[in-house]
$ cat query-v2.csv   # CSV, C-alpha atoms and all ligand atoms
chain,number,residue,atom,x,y,z
A,144,MET,CA,-45.7,-30.0,-13.2
A,145,LYS,CA,-44.5,-28.5,-10.0
A,146,LEU,CA,-44.8,-24.9,-11.2
A,147,PRO,CA,-48.6,-24.7,-11.7
A,148,LYS,CA,-49.1,-26.1,-8.2
A,149,TYR,CA,-46.9,-23.4,-6.7
A,150,ALA,CA,-48.7,-20.7,-8.7
A,151,ALA,CA,-52.0,-22.0,-7.4
A,152,ALA,CA,-50.8,-22.0,-3.8
A,153,ALA,CA,-49.5,-18.5,-4.2
A,154,THR,CA,-52.8,-17.3,-5.6
A,155,ALA,CA,-54.7,-19.0,-2.8
A,156,ALA,CA,-52.5,-17.2,-0.2
A,157,VAL,CA,-53.2,-13.8,-1.8
A,158,VAL,CA,-57.0,-14.5,-1.8
A,159,LEU,CA,-56.8,-15.6,1.8
A,160,THR,CA,-55.0,-12.4,2.7
A,161,SER,CA,-57.6,-10.2,1.2
A,162,ILE,CA,-60.6,-12.0,2.8
A,163,ALA,CA,-59.4,-13.6,6.1
A,164,GLY,CA,-57.6,-10.9,8.0
A,165,VAL,CA,-54.8,-11.4,10.6
A,166,THR,CA,-54.2,-15.2,10.4
A,167,ALA,CA,-53.8,-15.2,6.6
A,168,VAL,CA,-51.5,-12.1,6.7
A,169,SER,CA,-49.0,-13.9,9.0
A,170,ALA,CA,-49.1,-16.9,6.7
A,171,ALA,CA,-48.2,-14.6,3.7
A,172,GLN,CA,-45.3,-13.1,5.6
A,173,GLY,CA,-43.5,-16.5,5.7
A,174,ASP,CA,-43.5,-16.5,1.9
A,175,ASN,CA,-40.6,-14.5,0.4
A,176,SER,CA,-42.5,-14.1,-2.9
A,177,HIS,CA,-45.2,-12.1,-1.1
A,178,LYS,CA,-42.7,-9.9,0.7
A,179,ALA,CA,-40.9,-9.1,-2.6
A,180,ALA,CA,-41.8,-5.8,-4.2
A,181,PRO,CA,-43.0,-5.6,-7.9
A,182,SER,CA,-40.2,-6.3,-10.4
A,183,SER,CA,-39.8,-2.7,-11.3
A,184,ASP,CA,-38.6,-2.1,-7.8
A,185,ALA,CA,-34.8,-2.5,-7.1
A,186,SER,CA,-35.5,-4.6,-4.1
A,187,ALA,CA,-36.8,-7.4,-6.3
A,188,LEU,CA,-33.5,-7.6,-8.2
A,189,PRO,CA,-30.7,-10.0,-7.2
A,190,SER,CA,-27.7,-8.5,-5.7
A,191,VAL,CA,-24.0,-8.7,-6.4
A,192,ASN,CA,-21.7,-8.8,-3.4
A,193,MET,CA,-18.9,-6.4,-4.7
A,194,GLU,CA,-16.3,-7.5,-2.1
A,195,ALA,CA,-16.7,-11.2,-3.1
A,196,LEU,CA,-16.8,-10.3,-6.8
A,197,VAL,CA,-13.6,-8.2,-6.7
A,198,LYS,CA,-11.8,-10.8,-4.7
A,199,ALA,CA,-12.6,-13.4,-7.3
A,200,ALA,CA,-11.5,-11.1,-10.1
A,201,GLN,CA,-8.0,-10.8,-8.4
A,202,ILE,CA,-7.6,-14.5,-7.6
A,203,ASP,CA,-9.3,-16.5,-10.4
A,204,PRO,CA,-7.0,-15.2,-13.2
A,205,ARG,CA,-4.0,-16.6,-11.3
A,206,ARG,CA,-5.4,-20.0,-10.4
A,207,PRO,CA,-3.8,-23.0,-11.9
A,208,ASP,CA,-7.1,-24.9,-11.7
A,209,ASN,CA,-10.9,-24.3,-12.1
A,210,LYS,CA,-11.6,-23.8,-8.4
A,211,LEU,CA,-14.1,-21.0,-7.6
A,212,THR,CA,-13.4,-18.3,-5.1
A,213,PRO,CA,-15.6,-19.1,-2.0
A,214,GLY,CA,-18.7,-17.0,-1.7
A,215,ALA,CA,-18.3,-15.3,-5.1
A,216,LYS,CA,-20.1,-17.6,-7.5
A,217,ALA,CA,-23.6,-16.1,-7.5
A,218,SER,CA,-22.1,-12.5,-7.9
A,219,VAL,CA,-19.7,-13.5,-10.6
A,220,LEU,CA,-22.5,-15.3,-12.5
A,221,LEU,CA,-24.7,-12.2,-12.5
A,222,VAL,CA,-21.9,-10.1,-13.9
A,223,GLU,CA,-20.9,-12.7,-16.5
A,224,LYS,CA,-24.5,-13.0,-17.6
A,225,ALA,CA,-24.7,-9.3,-18.1
A,226,LEU,CA,-21.5,-9.2,-20.1
A,227,ALA,CA,-22.7,-12.1,-22.2
A,228,ASP,CA,-26.0,-10.3,-22.9
A,229,ARG,CA,-23.9,-7.3,-24.1
A,230,LYS,CA,-22.0,-9.7,-26.4
A,231,LEU,CA,-18.8,-9.0,-24.6
A,232,LEU,CA,-18.4,-12.5,-23.3
A,233,ASP,CA,-19.2,-15.9,-24.9
A,234,LYS,CA,-22.0,-17.7,-23.1
A,235,LYS,CA,-19.7,-20.7,-22.4
A,236,TRP,CA,-17.7,-18.6,-20.0
A,237,VAL,CA,-20.7,-17.7,-17.9
A,238,ASP,CA,-19.5,-20.2,-15.2
A,239,GLY,CA,-18.9,-18.3,-11.9
A,240,TYR,CA,-15.1,-18.2,-12.5
A,241,PHE,CA,-13.7,-14.7,-13.0
A,242,GLY,CA,-10.7,-15.8,-15.1
A,243,THR,CA,-8.7,-14.0,-17.7
A,244,THR,CA,-11.5,-14.2,-20.3
A,245,THR,CA,-14.0,-12.6,-18.0
A,246,THR,CA,-11.4,-10.0,-17.0
A,247,ALA,CA,-10.8,-9.2,-20.7
A,248,ALA,CA,-14.6,-8.9,-21.2
A,249,TYR,CA,-14.9,-6.5,-18.2
A,250,THR,CA,-12.1,-4.4,-19.6
A,251,LYS,CA,-14.0,-4.2,-22.9
A,252,PHE,CA,-17.1,-3.1,-21.0
A,253,GLN,CA,-15.1,-0.4,-19.1
A,254,LYS,CA,-13.6,0.9,-22.4
A,255,SER,CA,-17.1,0.9,-24.0
A,256,LEU,CA,-18.1,3.4,-21.2
A,257,GLY,CA,-15.1,5.6,-22.3
A,258,TYR,CA,-12.9,4.7,-19.3
A,259,LYS,CA,-9.2,4.8,-19.9
A,260,GLY,CA,-6.0,3.8,-18.1
A,261,ILE,CA,-6.5,2.5,-14.6
A,262,SER,CA,-10.3,2.9,-14.9
A,263,ALA,CA,-10.2,0.2,-17.6
A,264,ASN,CA,-8.2,-2.3,-15.4
A,265,GLY,CA,-10.7,-5.2,-15.7
A,266,LEU,CA,-11.5,-5.0,-12.0
A,267,PRO,CA,-15.2,-4.1,-11.4
A,268,GLY,CA,-15.4,-0.7,-9.8
A,269,LYS,CA,-18.4,1.0,-8.2
A,270,SER,CA,-19.6,3.1,-11.2
A,271,SER,CA,-19.1,0.5,-14.0
A,272,LEU,CA,-20.8,-2.1,-11.9
A,273,ALA,CA,-23.8,0.2,-11.3
A,274,LYS,CA,-24.0,0.7,-15.1
A,275,LEU,CA,-23.7,-3.0,-15.9
A,276,GLY,CA,-26.4,-3.8,-13.3
A,277,ALA,CA,-29.0,-1.2,-14.3
A,278,GLY,CA,-32.3,-3.0,-14.3
A,279,ARG,CA,-30.6,-6.4,-13.6
A,280,PHE,CA,-28.9,-6.4,-10.2
A,281,THR,CA,-28.2,-4.2,-7.2
A,282,VAL,CA,-24.7,-4.0,-5.6
A,283,ASN,CA,-24.0,-4.5,-1.9
A,284,HIS,CA,-20.7,-4.4,0.1
A,285,VAL,CA,-19.6,-1.6,-2.2
A,286,ILE,CA,-15.9,-0.8,-2.2
A,287,VAL,CA,-14.8,2.8,-2.6
A,288,PRO,CA,-11.0,3.6,-3.0
A,289,GLY,CA,-11.7,7.3,-2.4
A,290,PRO,CA,-9.9,10.4,-3.7
A,291,LYS,CA,-6.1,10.8,-3.9
A,292,VAL,CA,-4.5,12.4,-0.8
A,293,LYS,CA,-0.9,12.9,0.2
A,294,PHE,CA,0.6,10.5,2.7
A,295,GLY,CA,3.7,12.3,4.2
A,296,THR,CA,5.2,15.0,2.1
A,297,LYS,CA,5.7,13.5,-1.3
A,298,TYR,CA,3.6,10.5,-2.2
A,299,TYR,CA,-0.1,10.0,-3.0
A,300,VAL,CA,-2.5,7.3,-2.0
A,301,ASN,CA,-6.3,7.0,-2.0
A,302,THR,CA,-8.2,7.5,1.2
A,303,ARG,CA,-8.9,3.8,1.6
A,304,THR,CA,-5.2,3.1,1.5
A,305,GLN,CA,-4.6,6.1,3.8
A,306,LYS,CA,-7.0,4.7,6.5
A,307,MET,CA,-5.2,1.3,6.2
A,308,LEU,CA,-1.8,2.8,6.7
A,309,LEU,CA,-3.0,4.9,9.7
A,310,GLN,CA,-4.4,1.7,11.3
A,311,ALA,CA,-1.1,-0.1,10.7
A,312,GLN,CA,0.7,2.8,12.4
A,313,LYS,CA,-1.7,2.5,15.3
A,314,LEU,CA,-1.0,-1.3,15.7
A,315,LEU,CA,2.8,-0.7,15.4
A,316,HIS,CA,3.0,2.5,17.6
A,317,ARG,CA,5.3,4.0,14.9
A,318,LYS,CA,5.1,6.3,11.9
A,319,LEU,CA,5.5,4.8,8.5
A,320,VAL,CA,7.5,6.6,5.8
A,321,LEU,CA,6.8,5.9,2.1
A,322,ASP,CA,9.5,5.3,-0.5
A,323,GLN,CA,6.9,5.2,-3.2
A,324,GLY,CA,3.1,5.8,-3.4
A,325,SER,CA,0.2,4.9,-5.7
A,326,TYR,CA,-1.0,6.4,-9.0
A,327,ASN,CA,2.7,6.7,-10.0
A,328,PRO,CA,2.9,5.6,-13.7
A,329,GLY,CA,6.4,5.6,-14.9
A,330,GLY,CA,7.7,6.0,-11.4
A,331,ASP,CA,10.2,3.4,-10.2
A,332,PRO,CA,11.0,1.3,-13.3
A,333,THR,CA,11.9,-1.7,-11.1
A,334,SER,CA,8.2,-1.8,-10.0
A,335,VAL,CA,7.1,-2.9,-13.5
A,336,GLY,CA,3.7,-1.1,-13.3
A,337,THR,CA,2.6,-2.2,-9.8
A,338,HIS,CA,2.5,1.4,-8.6
A,339,ASP,CA,0.6,2.7,-11.6
A,340,GLY,CA,-2.7,2.4,-9.9
A,341,GLY,CA,-4.2,2.7,-6.4
A,342,GLY,CA,-3.6,0.7,-3.3
A,343,VAL,CA,0.1,0.3,-3.6
A,344,VAL,CA,2.9,1.6,-1.4
A,345,ASP,CA,6.6,1.0,-0.6
A,346,ILE,CA,7.5,1.4,3.1
A,347,ASN,CA,10.9,2.8,3.9
A,348,VAL,CA,12.7,0.4,6.3
A,349,LYS,CA,15.8,2.5,7.1
A,350,GLY,CA,16.9,1.9,10.7
A,351,MET,CA,14.7,-1.2,11.1
A,352,ASN,CA,16.3,-4.5,11.9
A,353,ALA,CA,15.0,-7.8,10.5
A,354,ALA,CA,12.6,-8.4,13.3
A,355,THR,CA,11.1,-4.9,13.0
A,356,ARG,CA,10.8,-5.3,9.2
A,357,THR,CA,8.8,-8.5,9.7
A,358,LYS,CA,6.7,-6.9,12.4
A,359,VAL,CA,5.8,-4.0,10.0
A,360,ALA,CA,5.0,-6.4,7.2
A,361,LYS,CA,2.8,-8.4,9.6
A,362,ALA,CA,0.8,-5.3,10.7
A,363,MET,CA,0.4,-4.3,7.0
A,364,ARG,CA,-1.0,-7.8,6.3
A,365,GLN,CA,-3.4,-7.6,9.3
A,366,VAL,CA,-5.1,-4.5,8.0
A,367,GLY,CA,-5.6,-5.9,4.5
A,368,PHE,CA,-2.4,-5.4,2.5
A,369,ALA,CA,-0.5,-8.2,0.7
A,370,ALA,CA,2.8,-7.1,2.0
A,371,TRP,CA,6.3,-8.4,1.6
A,372,VAL,CA,9.8,-7.5,2.9
A,373,ARG,CA,11.9,-7.1,-0.3
A,374,ASN,CA,15.6,-7.4,-0.3
A,375,PRO,CA,18.3,-6.3,-2.8
A,376,ASN,CA,18.9,-9.9,-3.9
A,377,GLN,CA,15.4,-10.1,-5.3
A,378,GLY,CA,15.6,-7.2,-7.6
A,379,ASP,CA,17.4,-3.9,-8.4
A,380,TRP,CA,16.1,-2.2,-5.3
A,381,PRO,CA,17.1,-1.5,-1.7
A,382,TRP,CA,15.5,-3.2,1.3
A,383,HIS,CA,11.8,-2.0,1.5
A,384,ILE,CA,8.4,-3.3,2.2
A,385,HIS,CA,6.1,-3.5,-0.8
A,386,ALA,CA,2.4,-3.5,0.0
A,387,THR,CA,-0.7,-3.9,-2.2
A,388,ALA,CA,-4.2,-3.3,-0.8
A,389,ILE,CA,-6.4,-6.3,-1.3
A,390,ASN,CA,-9.7,-5.4,-3.1
A,391,ASP,CA,-8.7,-1.8,-4.1
A,392,THR,CA,-10.6,-1.4,-7.3
A,393,ASP,CA,-8.0,1.0,-8.7
A,394,LEU,CA,-5.2,-1.7,-8.7
A,395,SER,CA,-3.0,-2.0,-11.8
A,396,VAL,CA,-3.1,-5.3,-13.6
A,397,GLN,CA,0.3,-6.3,-12.1
A,398,ALA,CA,-0.9,-5.4,-8.6
A,399,GLN,CA,-4.1,-7.4,-9.1
A,400,HIS,CA,-1.9,-10.4,-10.0
A,401,GLN,CA,0.1,-9.9,-6.8
A,402,ILE,CA,-3.1,-10.1,-4.7
A,403,GLY,CA,-4.1,-13.3,-6.5
A,404,ASP,CA,-0.7,-14.8,-5.9
A,405,TYR,CA,-0.8,-13.8,-2.2
A,406,TYR,CA,-4.1,-15.7,-1.7
A,407,LEU,CA,-2.5,-18.7,-3.5
A,408,GLY,CA,0.5,-18.7,-1.1
A,409,GLN,CA,3.1,-17.0,-3.4
A,410,ASN,CA,5.6,-14.2,-3.1
A,411,GLY,CA,4.1,-11.7,-5.6
A,412,LEU,CA,7.3,-11.7,-7.6
A,413,ALA,CA,7.7,-12.7,-11.3
A,414,ASN,CA,9.2,-16.1,-10.3
A,415,ARG,CA,6.0,-16.8,-8.4
A,416,GLY,CA,8.0,-18.3,-5.5
A,417,LYS,CA,6.6,-19.4,-2.2
A,418,ASP,CA,5.3,-16.7,0.1
A,419,ASP,CA,8.2,-15.6,2.4
A,420,GLY,CA,6.2,-13.2,4.6
A,421,PRO,CA,4.7,-13.5,8.2
A,422,LYS,CA,1.7,-15.7,8.3
A,423,VAL,CA,-1.7,-14.1,9.1
A,424,THR,CA,-5.3,-14.8,8.3
A,425,ILE,CA,-5.8,-13.1,5.0
A,426,ARG,CA,-8.4,-10.3,5.2
A,427,THR,CA,-9.4,-7.3,3.2
A,428,TRP,CA,-9.6,-3.9,4.9
A,429,GLU,CA,-13.4,-4.2,5.1
A,430,GLU,CA,-13.2,-7.7,6.6
A,431,TYR,CA,-10.6,-6.4,9.1
A,432,LEU,CA,-13.0,-3.6,10.1
A,433,ARG,CA,-15.8,-6.2,10.7
A,434,VAL,CA,-13.8,-8.6,12.9
A,435,ARG,CA,-11.4,-6.4,14.8
B,501,ZN,ZN,6.6,-1.4,-4.6
$ encode --input "query-v2.csv" --output "structure tokens"
Amino acid sequence: MKLPKYAAAATAAVVLTSIAGVTAVSAAQGDNSHKAAPSSDASALPSVNMEALVKAAQIDPRRPDNKLTPGAKASVLLVEKALADRKLLDKKWVDGYFGTTTTAAYTKFQKSLGYKGISANGLPGKSSLAKLGAGRFTVNHVIVPGPKVKFGTKYYVNTRTQKMLLQAQKLLHRKLVLDQGSYNPGGDPTSVGTHDGGGVVDINVKGMNAATRTKVAKAMRQVGFAAWVRNPNQGDWPWHIHATAINDTDLSVQAQHQIGDYYLGQNGLANRGKDDGPKVTIRTWEEYLRVR
């Protein structure tokens, strides 16, 4: 019974606006429904916060419980509803939790668009999200990994990762040399696919002592990487710093899992041990740019 009352009040406000001039207009401005444009206009659609959505898509599949990623629920629900309406996700999973079932549904959606390889990684990217949201939702806080560029003489990263590395260099007052870059499928076999997509680099630590290695890992974390100093006891590799850019929408599935594990206080290795890196407030690159 509340609805008709509301409707009547709204109608009355419109009538007042048209007949009573200034006073009535200011009353109407306090009412969001009057400010909203007609439903055909994009401004009337709800919006998905892409940064929050992508964060949930990395963390939720790794959660041992049903906790939701803070700030992501409304955005995840909009995406899940759209996937369900396309019959890619069962309605019972429209719950604000971007777990493995939602990831699988999103991968199916990307494949339905003809996307292959890293473009069908289950992580919402700018263009797939725009297509999913057509007529349903708009997207704000858009993340763009950018085109591939060389970092140093040998290895490729995207421009988002490049900017992050340049900022880490600035904080450290030293040049960083890569041992491995991104978009490197079949590269180093000990990396089990983490470097197949975007956002992932290995930093060469030759000549750095333990304190310097930790300092570098810390600076990498500060600008938005999940970064760890890796030692030869952990795998078939020399000392290096492995770093994965949080919220890079080109991340391989393995790299996405490392980000989720990082948020959950783990080391990003297969044993899912405790995080052994320098403690910082976890921030994405975009969050870092807003607070620095
Ligand atoms: Zn690596």
$ closest_residue --input "query-v2.csv" --among "A:Gln377, A:Gln323, A:Gln312, A:Thr304" --to "Leu412 of chain A" --atoms "all atoms listed in the file"
A:Gln377
$ closest_residue --input "query-v2.csv" --among "A:Val344, A:Ala388, A:Ala195, A:Ala413" --to "ligand ZN 501 (chain B)" --atoms "only C-alpha atoms and all ligand atoms"
A:Val344
$ residues_around --input "query-v2.csv" --residues "Lys318 of chain A" --least-positions-apart "6" --cutoff "12 Å" --atoms "all atoms listed in the file" --output "ChimeraX atom specification"
/A:294-295,308-312,346-348,359
$ atom_distance --input "query-v2.csv" --atom1 "atom CA of Ser255 of chain A" --atom2 "atom CA of Lys224 of chain A"
17.0 Å
$ residues_near_ligand --input "query-v2.csv" --ligand "ligand ZN 501 (chain B)" --cutoff "10 Å" --atoms "all atoms listed in the file" --output "PyMOL selection string"
chain A and resi 321-325+331+333-338+343-346+370-371+373+380+383-387+398
$ residues_around --input "query-v2.csv" --residues "Leu221 of chain A" --least-positions-apart "3" --cutoff "10 Å" --atoms "only C-alpha atoms" --output "number ranges by chain"
A: 189-191, 196, 216-218, 224-227, 237-239, 275-276, 279-280
$ write_last_selection --input "query-v2.csv" --atoms "C-alpha atoms" --output "compact mmCIF listing (two decimals), in the frame of the given file"
# COMPACT_ATOMS: atom_id res chain seq x y z
CA PRO A 189 -30.70 -10.00 -7.20
CA SER A 190 -27.70 -8.50 -5.70
CA VAL A 191 -24.00 -8.70 -6.40
CA LEU A 196 -16.80 -10.30 -6.80
CA LYS A 216 -20.10 -17.60 -7.50
CA ALA A 217 -23.60 -16.10 -7.50
CA SER A 218 -22.10 -12.50 -7.90
CA LYS A 224 -24.50 -13.00 -17.60
CA ALA A 225 -24.70 -9.30 -18.10
CA LEU A 226 -21.50 -9.20 -20.10
CA ALA A 227 -22.70 -12.10 -22.20
CA VAL A 237 -20.70 -17.70 -17.90
CA ASP A 238 -19.50 -20.20 -15.20
CA GLY A 239 -18.90 -18.30 -11.90
CA LEU A 275 -23.70 -3.00 -15.90
CA GLY A 276 -26.40 -3.80 -13.30
CA ARG A 279 -30.60 -6.40 -13.60
CA PHE A 280 -28.90 -6.40 -10.20
